4 protein chains.
Amino acid sequence: MSGNSIGKLFTLTTFGESHGPALGCIIDGCPPGIELCEADLQVELDRRKPGTSRHTTQRREADEVRILSGVFEGKTTGTAIGLLIENTDQRSKDYGNIKDTFRPAHADYTYSQKYGIRDYRGGGRSSARETAMRVAAGAVAKKVLAQFGVQVRGYLSQLGPIRVNMERFDWAAVNTNPFFSPDLEIVAELEDYMDALRKEGNSVGARINVVASGVPVGLGEPIFDRLDAELAHGLMSINAVKGVEIGDGFDVIEQKGTEHRDEMTPEGFLSNHAGGILGGISTGQDIVAGIALKPTSSLRLPGKSINAQGEAIEVVTKGRHDPCVGIRATPIAEAMMAITLLDHLLRDRAQNGDVKRTTPQLS
Amino acid sequence: MSGNSIGKLFTLTTFGESHGPALGCIIDGCPPGIELCEADLQVELDRRKPGTSRHTTQRREADEVRILSGVFEGKTTGTAIGLLIENTDQRSKDYGNIKDTFRPAHADYTYSQKYGIRDYRGGGRSSARETAMRVAAGAVAKKVLAQFGVQVRGYLSQLGPIRVNMERFDWAAVNTNPFFSPDLEIVAELEDYMDALRKEGNSVGARINVVASGVPVGLGEPIFDRLDAELAHGLMSINAVKGVEIGDGFDVIEQKGTEHRDEMTPEGFLSNHAGGILGGISTGQDIVAGIALKPTSSLRLPGKSINAQGEAIEVVTKGRHDPCVGIRATPIAEAMMAITLLDHLLRDRAQNGDVKRTTPQLS
Amino acid sequence: MSGNSIGKLFTLTTFGESHGPALGCIIDGCPPGIELCEADLQVELDRRKPGTSRHTTQRREADEVRILSGVFEGKTTGTAIGLLIENTDQRSKDYGNIKDTFRPAHADYTYSQKYGIRDYRGGGRSSARETAMRVAAGAVAKKVLAQFGVQVRGYLSQLGPIRVNMERFDWAAVNTNPFFSPDLEIVAELEDYMDALRKEGNSVGARINVVASGVPVGLGEPIFDRLDAELAHGLMSINAVKGVEIGDGFDVIEQKGTEHRDEMTPEGFLSNHAGGILGGISTGQDIVAGIALKPTSSLRLPGKSINAQGEAIEVVTKGRHDPCVGIRATPIAEAMMAITLLDHLLRDRAQNGDVKRTTPQLS
Amino acid sequence: MSGNSIGKLFTLTTFGESHGPALGCIIDGCPPGIELCEADLQVELDRRKPGTSRHTTQRREADEVRILSGVFEGKTTGTAIGLLIENTDQRSKDYGNIKDTFRPAHADYTYSQKYGIRDYRGGGRSSARETAMRVAAGAVAKKVLAQFGVQVRGYLSQLGPIRVNMERFDWAAVNTNPFFSPDLEIVAELEDYMDALRKEGNSVGARINVVASGVPVGLGEPIFDRLDAELAHGLMSINAVKGVEIGDGFDVIEQKGTEHRDEMTPEGFLSNHAGGILGGISTGQDIVAGIALKPTSSLRLPGKSINAQGEAIEVVTKGRHDPCVGIRATPIAEAMMAITLLDHLLRDRAQNGDVKRTTPQLS
């Protein structure tokens with residue numbers, strides 16, 4: 001395969017440029033008989049879509065999705081599901097000035113070098129706008145996972161220097177603020193920080209955590225398709241992600257074995273340093289992952305670069321951009337985890353069937 | 001595919017249990033005409049093999065590899081390469097006592113739950129012994145990459161609380177000490193730390209960095225098969241890895257855009273915060289990745305667990321184990337990066353041919 | 001992957017039901033820099049589309065295709081190409097009467113059994129209408145292949161009892177009659193036969209041959225992805241195909257080795273019994289394949305069947321159908337051969353590069 | 001993937017040259033808990049192995065297979081199964097004379113052109129010896145299929161001009177004669193024909209049929225991975241196969257719809273022209289396929305060819321060869337059908353689960 005697909009049994013293939021006529025995707029392998037309608041997808045797309053607060057790009061896209069196939073009389077049929085979102089607000093003229101220039105830290109340069117040609121309007125294929133189809137497909141995965149009792153949720157845990165206070169953690173808060181913060185007390189601080197950042201013309205990084213609960217024990221295909229390896233793949237494939245952690249992540253470097261190991265009792269595990277995965281296979285505990293997103297590369301502050309002729313230039317990015325891509329990344333990260341988990345649930349079912357687990361199921 | 005393969009065009013498929021008759025692999029897609037002999041593989045296997053210092057497991061395995069196909073008169077023929085290592089030191093009786101118990105933090109529990117059966121001897125398929133075939137295949141990848149001017153090297157950057165001092169960094173030092181430390185001045189400290197740890201019966205985590213130099217611009221297949229996503233996949237698939245970073249990794253969370261972006265001049269990039277990848281495609285700079293390895297789960301210190309009947313037990317692990325799997329992980333991490341890079345080099349060549357890059361090539 | 005994709009490097013994924021809102025596809029892996037516009041696709045779609053003569057279904061579909069991504073300023077960019085055809089003439093009410101019945105020899109029964117649900121309108125996903133996207137993607141493959149000097153052409157060689165006289169064979173004739181017959185003298189006979197068949201309410205089988213010329217030596221990936229194996233896969237995946245031959249096909253059963261073998265001279269091969277493939281790899285000669293298409297299953301003549309309740313019923317199919325699917329199958333077969341060849345050309349280039357062949361190139 | 005693998009969930013990857021040290025394979029995705037031992041494989045390998053009658057090559061290979069992984073205490077564990085057969089009778093000197101020559105109709109020429117290098121000893125990778133590993137893997141697939149009530153059997157239906165009389169058809173006869181003929185009355189005729197052929201120094205083609213019974217309805221993944229398409233792929237990937245038919249195959253060309261369609265009643269289908277597959281999905285009837293194998297290309301009768309320098313030469317093949325590869329092809333064809341069916345059974349289970357079929361199951 002050539003790069004635009006993910007998942008082996010629940011397979012998502014996407015297309016679409018930031019300023020082309022439309023974005024679309026095909027979901028292949030969805031189990032049949034699942035109730036599905038456009039509203040199921042729209043609710044997730046609306047969480048990601050731009051322009052819902054002053055802290056994200058002001059591009060106006062309704063991101064209205066159409067289901068073109070694979071659903072009949074309100075239920076999935078088991079055949080390929082085609083989805084489409086027409087682009088409606090593509091002010092391409094904003095981008096004429098970057099036609100022959102490479103924005104530092106942006107994919108302009110690498111796409112040009114790789115393909116010898118690039119659709120420069122709004123980043124073309126490299127635009128984060130591409131993630132809309134991931135979210136739509138993730139909504140399908142979530143609906144299927146719900147049938148198996150699995151729920152995937154994410155939240156912002158850090159934005160620049162501002163961290164969530166985990167003692168105030170509240171899942172109910174996440175969808176009530178534009179940052180997906182589970183800690184409502186930091187929202188005002190986040191607002192102020194973002195206002196200052198926007199005024200400055202700069203951008204900043206962020207951290208998102210994603211958690212899956214209700215995951216059955218046994219998902220993950222050793223050796224190379226371990227659940228953690230494929231989660232890392234899916235999460236690292238999101239624009240701007242530079243790091244992925246499972247469970248305690250980089251903290252394990254300084255941990256001793258006695259500290260890290262999650263002891264077990266007949267009533268369940270006593271801790272979850274492993275993030276719900278051992279030997280690449282789910283333990284039945286919550287799956288916990290974290291990602292680091294870099295600051296946006298499109299800045300109003302001038303930076304050194306070169307043009308297509310290799311000459312030194314100074315780049316200032318106009319157009320409409322997110323000063324922190326992390327703000328809208330929570331639904332995207334959830335989508336990638338949901339897609340990966342469902343794919344593995346189907347893969348496990350293929351080899352092992354709908355068998356009952358005979359040993360005690362801990363949580 | 002079902003989990004034991006990695007790579008789409010340079011494809012590695014492995015088999016083998018810790019205490020079965022042999023380990024083996026098939027490498028599919030290796031370009032023809034590359035000089036290759038068993039000594040090329042052995043030199044890398046010897047870097048990983050156990051028992052080279054007192055700080056690793058005392059199991060004695062020569063890890064002698066045989067090339068069974070795909071090489072004729074000293075050169076690769078383009079057909080599948082079969083490799084085999086016979087296991088010679090499999091004291092299985094050491095493991096009788098874990099037959100019906102699940103070591104905390106080990107894959108015992110998850111394999112049992114997933115498959116309903118497990119080869120408990122030495123961890124069976126979940127043993128780090130499996131990585132020998134990755135190293136052998138990585139040696140093949142390295143030979144091919146060398147033809148394209150690409151070199152992959154790794155090093156230990158942290159073991160428990162002890163960090164390498166990057167001011168003393170020396171590639172030449174890495175292969176002269178059992179820890180793969182690029183900083184010779186910390187080796188004595190590492191030795192003492194490990195001696196104490198072993199005496200204590202405990203284990204500890206570590207961090208490995210891997211760097212590829214000479215990588216052409218343009219490798220990586222957006223959207224989902226970005227170079228960073230597939231590196232994350234490959235590296236996270238290594239036993240005990242809980243985190244993967246590209247370039248500045250988790251540090252990007254607190255970076256501003258002006259700080260993170262790597263500015264470009266006609267002479268090249270001015271920094272490499274991105275770790276050599278933008279938009280999922282290599283920039284031509286060094287590819288830089290870091291991984292976190294958890295402490296080994298097989299400890300002499302007792303831990304709470306359950307047995308196959310679900311009853312509470314106390315587990316003490318005997319047998320021969322590495323108190324820090326990070327010590328031998330450097331060649332494994334190098335192998336995964338080499339395999340991933342070669343796979344992407346071939347994938348890029350498929351779509352884009354042996355074309356000359358027309359824009360200036362920075363480094 | 002889950003069934004709606006074909007090709008490993010030039011990958012086609014399709015969606016769409018006969019009477020859903022639209023058909024679409026994603027082409028992944030197309031080389032960049034190829035001139036491509038909607039007219040390039042439309043010319044091929046028009047060859048396949050229904051209603052161009054009285055001998056095919058009278059459903060009226062313009063089959064107007066839109067390119068939604070992957071093409072910028074008239075050239076492919078190397079990113080995923082999204083294509084869309086809206087369905088415009090979906091008189092679904094025609095199909096209400098087959099909702100709970102299974103037409104004999106049709107996929108109604110198997111889809112219902114497999115998925116437990118089916119979109120019965122016009123055959124849903126099992127409709128030959130699905131092949132429109134194959135033809136569109138095949139048009140893209142043909143444009144790329146042309147850059148490598150490869151041409152793919154097909155023709156009807158038999159319809160029911162009427163065979164083409166190969167002594168009157170003329171490529172120029174193929175696109176000048178509604179049957180794609182290379183022998184114009186049988187066209188009147190074909191018209192009469194089809195008129196009688198339609199009056200009778202019956203259907204009949206056909207044979208299509210496909211030929212690729214200008215194919216470089218060396219395409220095909222042993223062992224399992226031989227060029228002939230993947231051609232067989234692609235061609236047998238076309239609706240109604242029940243047999244595939246390469247070169248002399250089933251005639252080889254009675255051939256002796258001295259008769260079958262294609263002798264070679266410094267000027268080239270002396271014959272082409274092999275159909276241009278030896279050991280699964282192209283020889284540089286024409287690639288020659290033949291397929292057998294069964295008679296359509298939707299007949300006005302009553303047949304015995306059962307309904308969803310398992311009761312005996314008599315089925316008469318109304319609606320608009322092709323009495324010989326072979327008539328419109330020539331462009332579809334060409335498309336599948338073109339897609340397969342391009343995929344293999346890219347796969348060979350990945351492993352072997354743009355190398356010059358050093359031994360004499362025969363034809 | 002690069003050509004040496006087949007199957008998406010039950011995946012076989014093979015390696016090995018005719019005159020290299022060994023042949024081997026990895027089976028990935030086998031369900032756990034299946035009883036399996038080397039004798040299970042050996043019985044199938046013995047059916048294929050050379051030298052069991054005077055009508056096949058006189059090379060002496062015991063084809064003794066070792067299971068190296070994936071089986072523990074007599075049962076599959078769900079992990080990768082490694083198999084190995086050492087080559088023992090590799091008189092390579094027989095082949096020195098073909099080092100720089102290309103046998104007509106043989107893969108010598110195409111391998112040389114593709115890879116620029118070839119292991120010429122006994123055909124190297126292109127040797128039919130490669131099929132031993134298919135038969136070994138097929139034996140595993142058969143054992144798993146048996147658990148689902150599926151049986152795969154094949155037979156020789158034609159050798160050169162001699163056809164089986166289907167009125168004397170007897171499954172019990174197949175394994176009692178060296179030709180796998182289900183009609184014992186033609187065995188003497190076959191013996192005489194082969195003796196004359198061998199004396200002449202010539203070779204001849206053959207036809208093999210394969211039948212699977214007990215196949216559940218619902219196997220096969222539309223659109224491109226239809227069961228018939230993947231059977232065609234698997235069967236055409238066997239050395240020397242030039243044609244594949246499903247059900248009535250090429251006879252459908254002249255059939256009318258009323259003749260071809262398999263009518264259904266509450267008691268089952270009334271005929272099986274479709275060969276057990278409709279719309280690419282199994283109907284629950286027997287799956288019936290036929291293949292045509294070309295005459296062997298290695299002949300003692302001189303033929304025109306060229307050498308590596310492009311000069312005209314005359315080729316006479318010495319060494320030990322099968323004058324009719326069809327004689328030993330029955331177990332190979334069975335293996336490919338078994339592998340394909342099991343792969344599809346697992347794929348169906350992934351998407352649709354172990355669901356009960358609600359509509360009546362016909363046979």
# chains A, B, ... in the order shown; residues from 1 in each chain; ligands from 1

$ select_by_dssp --residues "stretch 6-252 of chain B" --states "alpha helix (DSSP H)" --output "PyMOL selection string"
chain B and resi 38-48+108-115+131-147+187-200+227-236

$ write_last_selection --atoms "C-alpha atoms" --output "CSV table (one decimal), in the first residue's frame"
chain,number,residue,atom,x,y,z
B,38,GLU,CA,27.2,-14.7,7.3
B,39,ALA,CA,30.0,-12.7,8.8
B,40,ASP,CA,28.1,-9.5,7.9
B,41,LEU,CA,25.3,-10.6,10.1
B,42,GLN,CA,27.4,-12.2,12.8
B,43,VAL,CA,29.1,-8.9,13.7
B,44,GLU,CA,25.8,-7.3,14.5
B,45,LEU,CA,24.5,-10.4,16.3
B,46,ASP,CA,27.6,-10.5,18.5
B,47,ARG,CA,26.8,-6.9,19.6
B,48,ARG,CA,23.4,-8.1,20.9
B,108,ASP,CA,2.5,-14.4,30.6
B,109,TYR,CA,-0.9,-13.2,31.4
B,110,THR,CA,-1.8,-11.6,28.1
B,111,TYR,CA,-0.5,-14.5,25.9
B,112,SER,CA,-2.5,-16.9,28.0
B,113,GLN,CA,-5.7,-14.9,27.7
B,114,LYS,CA,-5.3,-14.2,24.0
B,115,TYR,CA,-4.5,-17.7,22.8
B,131,THR,CA,15.0,-9.7,18.7
B,132,ALA,CA,18.0,-11.6,17.4
B,133,MET,CA,16.4,-12.0,14.1
B,134,ARG,CA,15.7,-8.3,13.9
B,135,VAL,CA,19.3,-7.6,14.4
B,136,ALA,CA,20.2,-10.1,11.7
B,137,ALA,CA,17.8,-8.5,9.3
B,138,GLY,CA,18.9,-5.1,10.3
B,139,ALA,CA,22.5,-6.1,9.3
B,140,VAL,CA,21.2,-6.8,5.8
B,141,ALA,CA,19.3,-3.5,5.7
B,142,LYS,CA,22.5,-1.7,6.8
B,143,LYS,CA,24.5,-3.3,4.0
B,144,VAL,CA,22.0,-2.1,1.4
B,145,LEU,CA,21.6,1.3,3.0
B,146,ALA,CA,25.4,1.7,2.8
B,147,GLN,CA,25.1,1.5,-0.9
B,187,VAL,CA,31.1,3.6,32.3
B,188,ALA,CA,32.6,2.9,35.8
B,189,GLU,CA,29.5,4.5,37.3
B,190,LEU,CA,27.3,2.3,35.2
B,191,GLU,CA,29.2,-0.8,36.2
B,192,ASP,CA,28.8,0.0,39.9
B,193,TYR,CA,25.1,0.8,39.5
B,194,MET,CA,24.5,-2.5,37.7
B,195,ASP,CA,26.4,-4.5,40.2
B,196,ALA,CA,24.3,-3.0,43.0
B,197,LEU,CA,21.1,-3.6,41.1
B,198,ARG,CA,22.0,-7.2,40.4
B,199,LYS,CA,22.8,-7.8,44.1
B,200,GLU,CA,19.4,-6.2,45.0
B,227,LEU,CA,8.5,8.1,8.1
B,228,ASP,CA,8.1,9.1,11.7
B,229,ALA,CA,4.9,7.0,12.1
B,230,GLU,CA,6.6,3.9,10.8
B,231,LEU,CA,9.7,4.6,12.9
B,232,ALA,CA,7.4,4.9,15.9
B,233,HIS,CA,5.8,1.6,14.9
B,234,GLY,CA,9.1,-0.2,14.5
B,235,LEU,CA,10.7,1.1,17.6
B,236,MET,CA,7.6,0.7,19.8

$ select_by_dssp --residues "stretch 114-178 of chain B" --states "strand (DSSP E)" --output "list in words"
Gln151, Val152, Arg153, Gly154, Tyr155, Leu156, Ser157, Gln158, Leu159, Ile162 and Arg163 of chain B

$ residues_around --residues "stretch 251-261 of chain C" --least-positions-apart "5" --cutoff "8 Å" --atoms "only C-alpha atoms" --output "list in words"
His273 and Ala274 of chain C; Pro104, Ala105, Gln158, Leu159, Gly160, Pro161, Asn202, Ser203, Val204, Gly205, Ala206, Arg207, Lys242, Ala292, Leu293, Lys294, Pro295, Thr296, Ser297, Leu299, Leu301 and Gly303 of chain D

$ write_last_selection --atoms "C-alpha atoms" --output "mmCIF file, in the first residue's frame"
data_model
loop_
_atom_site.group_PDB
_atom_site.id
_atom_site.type_symbol
_atom_site.label_atom_id
_atom_site.label_comp_id
_atom_site.auth_asym_id
_atom_site.auth_seq_id
_atom_site.Cartn_x
_atom_site.Cartn_y
_atom_site.Cartn_z
ATOM 1 C CA HIS C 273 2.566 -19.714 -26.410
ATOM 2 C CA ALA C 274 3.516 -18.481 -22.939
ATOM 3 C CA PRO D 104 13.397 -21.947 -23.853
ATOM 4 C CA ALA D 105 10.102 -21.695 -21.929
ATOM 5 C CA GLN D 158 -6.470 -35.069 -17.961
ATOM 6 C CA LEU D 159 -2.875 -35.819 -18.938
ATOM 7 C CA GLY D 160 -2.021 -34.881 -22.508
ATOM 8 C CA PRO D 161 -4.729 -36.510 -24.600
ATOM 9 C CA ASN D 202 9.566 -34.828 -24.461
ATOM 10 C CA SER D 203 7.018 -33.530 -21.951
ATOM 11 C CA VAL D 204 3.271 -32.896 -21.849
ATOM 12 C CA GLY D 205 0.608 -30.819 -20.111
ATOM 13 C CA ALA D 206 -2.141 -31.844 -17.705
ATOM 14 C CA ARG D 207 -5.296 -30.721 -15.953
ATOM 15 C CA LYS D 242 -1.605 -21.276 -17.516
ATOM 16 C CA ALA D 292 -4.167 -26.294 -16.797
ATOM 17 C CA LEU D 293 -0.470 -27.062 -16.406
ATOM 18 C CA LYS D 294 1.911 -26.585 -19.312
ATOM 19 C CA PRO D 295 4.443 -29.220 -20.402
ATOM 20 C CA THR D 296 7.797 -29.045 -18.598
ATOM 21 C CA SER D 297 10.359 -26.863 -20.317
ATOM 22 C CA LEU D 299 13.699 -31.349 -22.449
ATOM 23 C CA LEU D 301 15.249 -32.649 -27.297
ATOM 24 C CA GLY D 303 15.804 -26.295 -28.877
#

$ closest_residue --among "B:Ala107, B:Ile6, B:Leu68, B:Met264" --to "A:Thr283" --atoms "only C-alpha atoms"
B:Ala107

$ interface_residues --of "chain C" --to "chain B" --cutoff "7 Å" --atoms "only C-alpha atoms" --output "PyMOL selection string"
chain C and resi 29-31+346-347+349-354

$ residues_around --residues "C:Gly214" --least-positions-apart "6" --cutoff "7 Å" --atoms "only C-alpha atoms" --output "list of chain:residue names"
C:Gly149, C:Val150, C:Gln151, C:Asp286

$ atom_distance --atom1 "atom CA of C:Arg118" --atom2 "atom CA of C:Lys318"
18.7 Å

$ residues_around --residues "C:Ser127" --least-positions-apart "2" --cutoff "10 Å" --atoms "only C-alpha atoms" --output "ChimeraX atom specification"
/C:16-19,106-107,120-125,129-131,239 /D:279

$ write_last_selection --atoms "N, CA and C atoms" --output "compact mmCIF listing (two decimals), in the first residue's frame"
# COMPACT_ATOMS: atom_id res chain seq x y z
N GLY C 16 -19.30 2.06 -3.36
CA GLY C 16 -20.49 2.48 -4.09
C GLY C 16 -21.44 1.35 -4.44
N GLU C 17 -22.72 1.64 -4.23
CA GLU C 17 -23.77 0.70 -4.59
C GLU C 17 -24.48 1.17 -5.85
N SER C 18 -25.07 0.22 -6.51
CA SER C 18 -25.79 0.48 -7.75
C SER C 18 -26.79 1.62 -7.62
N HIS C 19 -27.51 1.66 -6.52
CA HIS C 19 -28.56 2.66 -6.38
C HIS C 19 -28.35 3.56 -5.18
N HIS C 106 -27.44 -15.29 -8.78
CA HIS C 106 -27.10 -13.92 -8.43
C HIS C 106 -26.49 -13.90 -7.02
N ALA C 107 -25.85 -12.77 -6.69
CA ALA C 107 -25.21 -12.65 -5.39
C ALA C 107 -26.18 -12.32 -4.27
N TYR C 120 -30.66 -4.36 -1.56
CA TYR C 120 -31.15 -5.17 -2.68
C TYR C 120 -31.37 -4.38 -3.95
N ARG C 121 -31.32 -3.06 -3.86
CA ARG C 121 -31.66 -2.24 -5.03
C ARG C 121 -30.62 -2.39 -6.14
N GLY C 122 -31.01 -3.06 -7.20
CA GLY C 122 -30.12 -3.19 -8.36
C GLY C 122 -28.90 -4.02 -8.11
N GLY C 123 -28.96 -4.82 -7.06
CA GLY C 123 -27.81 -5.66 -6.76
C GLY C 123 -26.86 -5.03 -5.76
N GLY C 124 -27.12 -3.75 -5.43
CA GLY C 124 -26.30 -3.08 -4.42
C GLY C 124 -24.83 -3.08 -4.80
N ARG C 125 -24.02 -3.55 -3.89
CA ARG C 125 -22.57 -3.55 -4.11
C ARG C 125 -22.17 -4.60 -5.14
N ARG C 129 -22.28 -2.29 -11.96
CA ARG C 129 -22.07 -0.83 -11.97
C ARG C 129 -20.78 -0.47 -11.23
N GLU C 130 -20.41 -1.29 -10.29
CA GLU C 130 -19.17 -1.07 -9.53
C GLU C 130 -17.95 -0.95 -10.44
N THR C 131 -18.00 -1.59 -11.59
CA THR C 131 -16.82 -1.61 -12.45
C THR C 131 -16.50 -0.26 -13.08
N ASN C 239 -16.94 -9.00 -12.23
CA ASN C 239 -18.24 -9.69 -12.15
C ASN C 239 -18.40 -10.67 -13.31
N GLY D 279 -21.07 -14.02 -6.78
CA GLY D 279 -20.70 -12.68 -6.33
C GLY D 279 -19.40 -12.67 -5.56

$ residues_around --residues "A:Ala289" --least-positions-apart "2" --cutoff "8 Å" --atoms "only C-alpha atoms" --output "PyMOL selection string"
chain A and resi 209-211+244-247+275+287+291

$ write_last_selection --atoms "C-alpha atoms" --output "PDB file, in the first residue's frame"
ATOM      1  CA  ASN A 209      -3.765  12.025  26.529  1.00  0.00           C
ATOM      2  CA  VAL A 210      -6.112   9.344  25.259  1.00  0.00           C
ATOM      3  CA  VAL A 211      -7.704   6.598  27.321  1.00  0.00           C
ATOM      4  CA  VAL A 244       4.174   8.949  21.830  1.00  0.00           C
ATOM      5  CA  GLU A 245       4.023   7.346  25.248  1.00  0.00           C
ATOM      6  CA  ILE A 246       2.168   4.282  26.498  1.00  0.00           C
ATOM      7  CA  GLY A 247       1.456   4.161  30.232  1.00  0.00           C
ATOM      8  CA  GLY A 275      -0.888   1.632  30.281  1.00  0.00           C
ATOM      9  CA  ILE A 287      -5.263   1.709  27.577  1.00  0.00           C
ATOM     10  CA  ILE A 291       1.276  12.465  22.603  1.00  0.00           C
TER      11      ILE A 291
END

$ residues_around --residues "D:Val152" --least-positions-apart "4" --cutoff "7 Å" --atoms "only C-alpha atoms" --output "PDB file with N, CA and C atoms, in the first residue's frame"
ATOM      1  N   VAL D 211     -11.570 -29.747  -5.366  1.00  0.00           N
ATOM      2  CA  VAL D 211     -12.928 -29.598  -4.847  1.00  0.00           C
ATOM      3  C   VAL D 211     -12.880 -29.430  -3.332  1.00  0.00           C
ATOM      4  N   ALA D 212     -13.577 -28.428  -2.840  1.00  0.00           N
ATOM      5  CA  ALA D 212     -13.700 -28.268  -1.381  1.00  0.00           C
ATOM      6  C   ALA D 212     -15.140 -28.536  -0.995  1.00  0.00           C
ATOM      7  N   SER D 213     -15.332 -29.390  -0.023  1.00  0.00           N
ATOM      8  CA  SER D 213     -16.701 -29.646   0.435  1.00  0.00           C
ATOM      9  C   SER D 213     -16.839 -29.276   1.907  1.00  0.00           C
ATOM     10  N   GLU D 334      -4.324 -28.683  -4.072  1.00  0.00           N
ATOM     11  CA  GLU D 334      -5.112 -28.800  -2.836  1.00  0.00           C
ATOM     12  C   GLU D 334      -4.609 -27.822  -1.774  1.00  0.00           C
ATOM     13  N   ALA D 338      -6.691 -24.949   0.041  1.00  0.00           N
ATOM     14  CA  ALA D 338      -6.884 -25.003   1.496  1.00  0.00           C
ATOM     15  C   ALA D 338      -6.424 -23.704   2.154  1.00  0.00           C
TER      16      ALA D 338
END

$ closest_residue --among "D:Thr13, D:Asn307, D:Gln285, D:Ser157" --to "D:Val174" --atoms "only C-alpha atoms"
D:Ser157

$ atom_distance --atom1 "atom CA of C:Ile186" --atom2 "atom CA of C:Leu156"
11.2 Å
